[in-house]
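Raw contents of my_file33.cif, mmCIF, C-alpha atoms:
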data_my_file
loop_
_atom_site.label_atom_id
_atom_site.label_comp_id
_atom_site.auth_asym_id
_atom_site.auth_seq_id
_atom_site.Cartn_x
_atom_site.Cartn_y
_atom_site.Cartn_z
CA PRO I 1 32.39 -27.83 4.03
CA LEU I 2 31.03 -28.75 7.44
CA HIS I 3 34.09 -27.58 9.36
CA GLU I 4 33.95 -24.14 7.73
CA ARG I 5 30.29 -23.83 8.68
CA GLU I 6 31.10 -24.77 12.29
CA ASN I 7 33.97 -22.27 12.38
CA ALA I 8 31.72 -19.55 11.01
CA GLU I 9 28.99 -20.27 13.57
CA LEU I 10 31.55 -20.29 16.39
CA SER I 11 32.70 -16.88 15.16
CA GLY I 12 29.16 -15.54 15.55
CA PHE I 13 28.10 -15.62 11.90
CA THR I 14 24.70 -16.85 10.75
CA VAL I 15 25.07 -19.49 8.08
CA VAL I 16 22.28 -19.68 5.53
CA GLU I 17 21.83 -22.46 3.02
CA PRO I 18 21.86 -21.38 -0.67
CA ALA I 19 18.41 -22.91 -1.13
CA THR I 20 17.07 -20.75 1.70
CA VAL I 21 18.56 -17.61 0.16
CA LEU I 22 17.02 -18.49 -3.21
CA ALA I 23 13.61 -19.26 -1.69
CA THR I 24 13.63 -15.98 0.24
CA HIS I 25 14.58 -14.07 -2.90
CA LEU I 26 11.86 -15.73 -4.95
CA SER I 27 9.28 -15.09 -2.23
CA GLU I 28 10.19 -11.41 -2.22
CA LEU I 29 9.95 -11.23 -6.00
CA LEU I 30 6.53 -12.89 -5.94
CA ARG I 31 5.35 -10.51 -3.22
CA ARG I 32 6.50 -7.42 -5.10
CA HIS I 33 5.00 -8.55 -8.40
CA ALA I 34 1.87 -10.28 -7.11
CA ASP I 35 -0.38 -7.77 -8.86
CA LYS I 36 1.06 -8.66 -12.27
CA LEU I 37 0.68 -12.38 -11.61
CA LEU I 38 -2.98 -12.27 -10.58
CA THR I 39 -5.03 -13.47 -13.54
CA ARG I 40 -8.77 -13.37 -14.06
CA GLN I 41 -8.84 -17.14 -13.64
CA ASP I 42 -7.06 -16.74 -10.28
CA VAL I 43 -9.75 -14.28 -9.19
CA ARG I 44 -12.48 -16.69 -10.24
CA GLN I 45 -10.88 -19.46 -8.18
CA LEU I 46 -10.48 -17.19 -5.14
CA ILE I 47 -14.16 -16.31 -5.24
CA GLU I 48 -15.14 -19.95 -5.73
CA ALA I 49 -13.01 -20.92 -2.71
CA ILE I 50 -15.13 -18.81 -0.32
CA LYS I 51 -18.47 -19.93 -1.78
CA LYS I 52 -18.97 -22.63 0.85
CA ASP I 53 -18.69 -20.17 3.76
CA TYR I 54 -20.25 -17.16 2.01
CA PRO I 55 -22.81 -18.57 -0.46
CA ALA I 56 -25.12 -15.53 -0.44
CA LEU I 57 -22.23 -13.16 -1.06
CA VAL I 58 -20.85 -15.16 -3.98
CA GLU I 59 -24.30 -15.63 -5.52
CA GLU I 60 -24.70 -11.86 -5.56
CA ILE I 61 -21.62 -11.52 -7.79
CA THR I 62 -22.67 -11.60 -11.43
CA PRO I 63 -21.33 -10.00 -14.60
CA GLU I 64 -24.06 -7.38 -14.22
CA THR I 65 -23.59 -6.56 -10.52
CA LEU I 66 -19.81 -6.91 -10.25
CA PRO I 67 -17.77 -7.89 -13.33
CA LEU I 68 -14.82 -10.21 -12.72
CA GLY I 69 -12.51 -7.74 -14.44
CA THR I 70 -13.44 -5.07 -11.90
CA VAL I 71 -12.61 -7.40 -9.01
CA GLN I 72 -9.31 -8.32 -10.65
CA LYS I 73 -8.29 -4.69 -11.16
CA VAL I 74 -9.10 -3.73 -7.56
CA LEU I 75 -7.23 -6.74 -6.17
CA GLN I 76 -4.25 -5.87 -8.37
CA ASN I 77 -4.33 -2.30 -7.08
CA LEU I 78 -4.28 -3.56 -3.50
CA LEU I 79 -1.46 -6.02 -4.14
CA ARG I 80 0.59 -3.35 -5.91
CA GLU I 81 0.73 -1.51 -2.58
CA GLN I 82 1.35 -4.74 -0.65
CA ILE I 83 -2.15 -4.76 0.90
CA PRO I 84 -3.11 -8.39 1.70
CA ILE I 85 -6.28 -9.66 0.01
CA ARG I 86 -6.91 -12.54 2.42
CA ASP I 87 -10.05 -10.85 3.73
CA LEU I 88 -11.77 -11.38 0.39
CA PRO I 89 -15.33 -11.39 1.79
CA THR I 90 -14.87 -7.86 3.17
CA ILE I 91 -13.37 -6.72 -0.14
CA LEU I 92 -16.23 -8.19 -2.16
CA GLU I 93 -18.90 -6.78 0.16
CA ALA I 94 -17.38 -3.31 -0.18
CA LEU I 95 -17.22 -3.65 -3.95
CA LEU I 96 -20.83 -4.77 -4.22
CA GLU I 97 -21.84 -1.75 -2.17
CA TYR I 98 -19.82 0.92 -3.97
CA VAL I 99 -19.93 -0.39 -7.54
CA LYS I 100 -23.48 0.98 -7.58
CA VAL I 101 -21.96 4.44 -7.15
CA THR I 102 -18.93 4.27 -9.46
CA LYS I 103 -17.34 1.92 -11.98
CA ASN I 104 -13.92 3.59 -11.63
CA THR I 105 -11.63 0.86 -10.25
CA ASP I 106 -9.16 3.33 -8.73
CA VAL I 107 -11.95 4.99 -6.77
CA LEU I 108 -13.36 1.59 -5.82
CA THR I 109 -9.93 0.60 -4.52
CA GLU I 110 -9.92 3.59 -2.19
CA TYR I 111 -13.39 2.63 -0.90
CA VAL I 112 -12.20 -0.93 -0.27
CA ARG I 113 -9.09 0.27 1.59
CA HIS I 114 -11.34 2.06 4.08
CA HIS I 115 -12.97 -1.29 4.87
CA LEU I 116 -9.58 -2.88 5.49
CA GLY I 117 -8.54 -0.62 8.36
CA GLU I 118 -7.58 -3.41 10.76
CA THR I 119 -5.52 -5.12 8.06
CA ILE I 120 -3.70 -1.90 7.21
CA LYS I 121 -3.08 -1.12 10.86
CA ARG I 122 -1.56 -4.58 11.46
CA MET I 123 0.77 -4.04 8.53
CA PHE I 124 2.42 -0.99 10.06
CA GLN I 125 1.92 -1.06 13.83
CA ASP I 126 4.75 -1.93 16.21
CA SER I 127 4.50 -4.39 19.11
CA GLN I 128 2.68 -1.74 21.16
CA GLY I 129 0.13 -1.05 18.44
CA VAL I 130 1.67 2.30 17.47
CA VAL I 131 1.96 3.34 13.81
CA HIS I 132 5.09 5.43 13.16
CA ALA I 133 5.01 7.55 10.02
CA ALA I 134 5.91 10.76 8.28
CA SER I 135 3.06 13.18 7.70
CA LEU I 136 2.48 15.47 4.75
CA ASP I 137 2.79 19.18 5.42
CA PRO I 138 -0.61 20.91 4.97
CA ALA I 139 0.92 23.30 2.42
CA VAL I 140 1.92 20.36 0.21
CA GLU I 141 -1.53 18.78 0.55
CA ASN I 142 -3.12 22.08 -0.45
CA VAL I 143 -0.89 22.47 -3.51
CA ILE I 144 -1.57 18.89 -4.66
CA THR I 145 -5.31 19.22 -4.05
CA THR I 146 -5.56 22.56 -5.88
CA THR I 147 -3.50 21.32 -8.84
CA LEU I 148 -5.61 18.16 -9.20
CA GLN I 149 -8.84 20.15 -9.02
CA ASN I 150 -7.71 22.64 -11.66
CA ASN I 151 -6.12 20.12 -14.02
CA ALA I 152 -7.97 16.86 -14.65
CA SER I 153 -5.08 15.39 -16.68
CA ALA I 154 -2.78 15.81 -13.66
CA GLN I 155 -4.52 12.89 -11.96
CA SER I 156 -2.92 10.42 -14.37
CA SER I 157 0.51 12.08 -14.39
CA PRO I 158 3.29 10.70 -12.14
CA THR I 159 4.26 14.29 -11.28
CA LEU I 160 0.60 15.28 -10.61
CA GLY I 161 0.99 18.36 -12.79
CA LEU I 162 3.36 19.95 -10.27
CA SER I 163 6.37 21.98 -11.35
CA PRO I 164 9.69 20.07 -11.63
CA ASP I 165 11.22 22.20 -8.86
CA LEU I 166 8.34 21.44 -6.49
CA VAL I 167 8.46 17.73 -7.29
CA ARG I 168 12.21 17.65 -6.59
CA ALA I 169 11.72 19.50 -3.29
CA ILE I 170 8.97 17.12 -2.14
CA LEU I 171 11.02 14.05 -3.12
CA ARG I 172 14.09 15.38 -1.30
CA SER I 173 12.03 16.05 1.80
CA ALA I 174 10.45 12.60 1.55
CA GLY I 175 13.89 10.99 1.24
CA ALA I 176 15.06 12.72 4.41
CA ALA I 177 11.88 11.64 6.22
CA PHE I 178 12.31 8.02 5.11
CA ASP I 179 15.94 8.07 6.26
CA GLN I 180 14.79 9.27 9.66
CA LEU I 181 12.14 6.56 9.93
CA THR I 182 14.55 3.86 8.79
CA MET I 183 17.23 4.91 11.28
CA LEU I 184 14.67 4.54 14.05
CA GLY I 185 13.81 1.06 12.82
CA TYR I 186 10.44 1.94 11.27
CA GLN I 187 9.05 1.35 7.79
CA PRO I 188 9.12 4.17 5.20
CA LEU I 189 5.50 5.19 5.68
CA VAL I 190 3.60 8.40 4.92
CA ILE I 191 0.17 9.27 6.30
CA CYS I 192 -1.99 11.94 4.70
CA SER I 193 -5.60 12.84 3.90
CA ALA I 194 -7.73 10.38 1.95
CA PRO I 195 -8.28 12.54 -1.18
CA VAL I 196 -4.53 13.02 -1.66
CA ARG I 197 -3.40 9.47 -0.77
CA PRO I 198 -3.49 7.70 -4.16
CA TYR I 199 -1.88 10.64 -5.94
CA LEU I 200 0.87 11.07 -3.38
CA TYR I 201 1.64 7.36 -3.67
CA ARG I 202 1.90 7.75 -7.45
CA LEU I 203 4.34 10.63 -7.01
CA LEU I 204 6.53 8.96 -4.36
CA ARG I 205 6.76 5.54 -6.00
CA THR I 206 8.69 7.03 -8.94
CA GLN I 207 11.68 7.40 -6.62
CA TYR I 208 10.77 5.41 -3.50
CA PRO I 209 8.99 2.23 -4.67
CA ILE I 210 9.22 0.58 -1.23
CA ALA I 211 7.49 3.47 0.54
CA SER I 212 3.86 3.10 1.61
CA VAL I 213 1.19 5.78 1.76
CA ILE I 214 -1.94 5.47 3.89
CA SER I 215 -4.64 7.92 4.94
CA TYR I 216 -5.73 8.81 8.45
CA SER I 217 -9.27 7.66 7.70
CA GLU I 218 -8.09 4.19 6.70
CA LEU I 219 -6.92 3.47 10.24
CA PRO I 220 -9.32 2.47 13.04
CA PRO I 221 -10.28 5.54 15.13
CA GLU I 222 -8.39 4.40 18.23
CA THR I 223 -5.07 3.95 16.38
CA ASP I 224 -2.08 5.59 18.07
CA VAL I 225 -0.11 7.40 15.34
CA ASP I 226 3.40 8.72 16.02
CA ILE I 227 4.44 11.40 13.51
CA VAL I 228 8.22 11.14 13.29
CA ALA I 229 8.81 13.63 10.45
CA ARG I 230 7.02 15.90 8.02
CA ILE I 231 7.30 16.00 4.25
CA GLY I 232 7.21 19.56 2.98
CA MET I 233 8.43 21.77 0.19
CA HIS I 234 11.76 22.20 1.94
CA GLU I 235 14.01 19.53 3.42
CA GLN I 236 14.00 21.17 6.85
CA ALA I 237 10.33 20.21 7.09
CA THR I 238 11.44 16.71 8.03
CA ALA I 239 12.53 17.74 11.51
CA ALA I 240 11.18 15.42 14.17
CA VAL I 241 7.81 16.35 15.60
CA ALA I 242 7.75 16.64 19.38
#

Translate this file's structure into C-alpha cells.
Amino acid sequence: PLHERENAELSGFTVVEPATVLATHLSELLRRHADKLLTRQDVRQLIEAIKKDYPALVEEITPETLPLGTVQKVLQNLLREQIPIRDLPTILEALLEYVKVTKNTDVLTEYVRHHLGETIKRMFQDSQGVVHAASLDPAVENVITTTLQNNASAQSSPTLGLSPDLVRAILRSAGAAFDQLTMLGYQPLVICSAPVRPYLYRLLRTQYPIASVISYSELPPETDVDIVARIGMHEQATAAVA
C-alpha cells in the first residue's frame, strides 16, 4: 500500500518495485550465462552489423580464413569471464592475425585479451584509474608452470595436476585474499603472469566463480596496480603488501 511505502521511505528505507527486482535478477542471470546463450547465428548477425563501418574487415572473414565456429568459441570464452565483446572489430582483427599461427580457440582467446587492454582496465579500475588486486606468489606460479610443462593432461584438469593439499592451500589463501579485497570495497581480482592466467582462472572458478583473473601484460603499460594481498601456499601469504 502507498502509505506503507511512504512510511518506509520516511524511515530511511529504499523501496524497490517487484518488477525492478525481477528485471535486475534476470539481467544478472543473462550476464552470467551470456556465453551459453550466444549462438552461431548470433555471431553471424553481430558480424553483419559492423559490415557497414568495417567492410574490408568483414569481407576478409571467410570459412577458410576464420571459421564462424572459431569466432563463436572465442566470444563465448570472453563472455564466460565477463569480458565485454562490444569492441568486435578489434576482436576480429586480432583473430584474423593470430588464426594463422594457431587454431586453438583457448590460445586465440588469450591473444585477443591482450588486444582488449583498455576494456579490461576499465572493468576493474577505480575512479582514480587504479586497479586493486591480489597477486600470485612467485612460488605458486612456479609450481603451476612446472606442473603444466611436465604433464600435458594437467592443462585440462580443474586442479591443474596439483596435489589435493596444495590445491586446498591455494584456495584457502585465495579466499582470505578475496575477503580482504571485498572488505576494502574492491572486486575479487587476481593478477598474475600471462602463461599462468587461464589455468589459474580454471582452478579458482571451482570455488570462487565470481573471481576474475587477469595478467599484467593484458593491462596498458601505464596502469597503476595496487597489490592488496598475495595468494600463496599458506594463508599468511595474504598479508597486505606495503

(message) Using all atoms listed in the file for the distances, tell me which of I:Pro84, I:Gly69, I:Gly232, I:Gly117 is nearest to Ala169 of chain I.
(response)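 Selected residue with least distance to Ala169 of chain I: I:Gly232.
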
Kindly assemble as a Markdown table a list of the segment 116-195 of chain I residues that lie within 9 Å of segment 214-229 of chain I, each paired with its nearest atom pair and their distance in Å to one decimal, using only C-alpha atoms, sorted first by chain and then by ascending residue number.
| residue | atom | partner | partner_atom | distance |
| --- | --- | --- | --- | --- |
| I:Leu116 | CA | I:Glu218 | CA | 7.3 |
| I:Gly117 | CA | I:Leu219 | CA | 4.8 |
| I:Glu118 | CA | I:Pro220 | CA | 6.5 |
| I:Thr119 | CA | I:Leu219 | CA | 9.0 |
| I:Ile120 | CA | I:Leu219 | CA | 7.0 |
| I:Lys121 | CA | I:Leu219 | CA | 6.0 |
| I:Gln125 | CA | I:Val225 | CA | 8.8 |
| I:Gly129 | CA | I:Asp224 | CA | 7.0 |
| I:Val130 | CA | I:Asp224 | CA | 5.0 |
| I:Val131 | CA | I:Val225 | CA | 4.8 |
| I:His132 | CA | I:Asp226 | CA | 4.7 |
| I:Ala133 | CA | I:Ile227 | CA | 5.2 |
| I:Ala134 | CA | I:Ala229 | CA | 4.6 |
| I:Ser135 | CA | I:Ile227 | CA | 6.2 |
| I:Leu136 | CA | I:Ala229 | CA | 8.7 |
| I:Ala176 | CA | I:Ala229 | CA | 8.7 |
| I:Ala177 | CA | I:Ala229 | CA | 5.6 |
| I:Phe178 | CA | I:Ala229 | CA | 8.5 |
| I:Gln180 | CA | I:Ala229 | CA | 7.4 |
| I:Leu181 | CA | I:Val228 | CA | 6.9 |
| I:Leu189 | CA | I:Ile214 | CA | 7.7 |
| I:Val190 | CA | I:Ile214 | CA | 6.4 |
| I:Ile191 | CA | I:Ile214 | CA | 5.0 |
| I:Cys192 | CA | I:Ser215 | CA | 4.8 |
| I:Ser193 | CA | I:Ser215 | CA | 5.1 |
| I:Ala194 | CA | I:Ser215 | CA | 5.0 |
| I:Pro195 | CA | I:Ser215 | CA | 8.5 |

Counting only C-alpha atoms, what are the residues of segment 147-233 of chain I within 12 Å of segment 89-106 of chain I, and for each of them which pair of atoms is the nearest and at what distance in Å, to one decimal? Sort the table by chain and rising number, as JSON lines.
{"residue": "I:Gln155", "atom": "CA", "partner": "I:Asp106", "partner_atom": "CA", "distance": 11.1}
{"residue": "I:Ser156", "atom": "CA", "partner": "I:Asp106", "partner_atom": "CA", "distance": 11.0}
{"residue": "I:Pro195", "atom": "CA", "partner": "I:Asp106", "partner_atom": "CA", "distance": 11.9}
{"residue": "I:Arg197", "atom": "CA", "partner": "I:Asp106", "partner_atom": "CA", "distance": 11.6}
{"residue": "I:Pro198", "atom": "CA", "partner": "I:Asp106", "partner_atom": "CA", "distance": 8.5}
{"residue": "I:Tyr199", "atom": "CA", "partner": "I:Asp106", "partner_atom": "CA", "distance": 10.7}
{"residue": "I:Arg202", "atom": "CA", "partner": "I:Asp106", "partner_atom": "CA", "distance": 12.0}

(request) Scan for residues within 12 Å of the point (-21.8, -16.2, -5.2) in the coordinates of the file, using only C-alpha atoms, and reply as a PyMOL selection string. (result) chain I and resi 44-63+65-66+68+89+92-93+96

(request) Find the spatial neighbours of Ala211 of chain I, counting all atoms listed in the file, within a cut-off of 10 Å - ignore same-chain residues fewer than 5 positions away - and output them as a PyMOL selection string. (result) chain I and resi 81+174-175+178+187-190+201+204-205

How would the residues just chosen look if you wrote them out with C-alpha atoms as a PDB file, keeping the file's coordinate frame?
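out_32.pdb was written with the following content:
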ATOM      1  CA  GLU I  81       0.730  -1.510  -2.580  1.00  0.00           C
ATOM      2  CA  ALA I 174      10.450  12.600   1.550  1.00  0.00           C
ATOM      3  CA  GLY I 175      13.890  10.990   1.240  1.00  0.00           C
ATOM      4  CA  PHE I 178      12.310   8.020   5.110  1.00  0.00           C
ATOM      5  CA  GLN I 187       9.050   1.350   7.790  1.00  0.00           C
ATOM      6  CA  PRO I 188       9.120   4.170   5.200  1.00  0.00           C
ATOM      7  CA  LEU I 189       5.500   5.190   5.680  1.00  0.00           C
ATOM      8  CA  VAL I 190       3.600   8.400   4.920  1.00  0.00           C
ATOM      9  CA  TYR I 201       1.640   7.360  -3.670  1.00  0.00           C
ATOM     10  CA  LEU I 204       6.530   8.960  -4.360  1.00  0.00           C
ATOM     11  CA  ARG I 205       6.760   5.540  -6.000  1.00  0.00           C
TER      12      ARG I 205
END

(message) Using all atoms listed in the file, can you tell me which of I:Met183, I:Val213, I:Leu166, I:Leu38 comes closest to Met123 of chain I?
(response) I:Val213

(request) Find the residues near Thr146 of chain I: any atom within 12 Å, counting only C-alpha atoms, skip ones fewer than 3 places away on the same chain, and give them as a PyMOL selection string. (result) chain I and resi 139-143+149-152+154-155+160-162+195-196

(request) Mind giving me the straight-line distance from atom CA of Ile170 of chain I to atom CA of Leu203 of chain I in Å, one decimal? (result) 9.3 Å

Skipping near chain neighbours, those fewer than 4 positions away, what residues fall within 7 Å of Leu75 of chain I using only C-alpha atoms, listed as a PDB file with C-alpha atoms, in the frame of the given file?
ATOM      1  CA  VAL I  71     -12.610  -7.400  -9.010  1.00  0.00           C
ATOM      2  CA  LEU I  79      -1.460  -6.020  -4.140  1.00  0.00           C
ATOM      3  CA  ILE I  85      -6.280  -9.660   0.010  1.00  0.00           C
TER       4      ILE I  85
END

(request) May I ask which of the residues I:Ser127, I:Thr39, I:Gln72, I:Ser157 is the closest one to Leu88 of chain I, counting all atoms listed in the file? (result)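 Between I:Ser127, I:Thr39, I:Gln72, I:Ser157, the residue approaching Leu88 of chain I most closely is I:Gln72.
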
(request) Figure out the distance between atom CA of Pro138 of chain I and atom CA of Arg230 of chain I, please, to one decimal in Å. (result)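 Between these atoms lies a distance of 9.6 Å.
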
(request) Using all atoms listed in the file, pick whichever of I:His114, I:Leu200, I:Ile231, I:Ile83 has the shortest atom-to-atom distance to Leu148 of chain I. (result)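 Comparing I:His114, I:Leu200, I:Ile231, I:Ile83 against Leu148 of chain I, the winner is I:Leu200.
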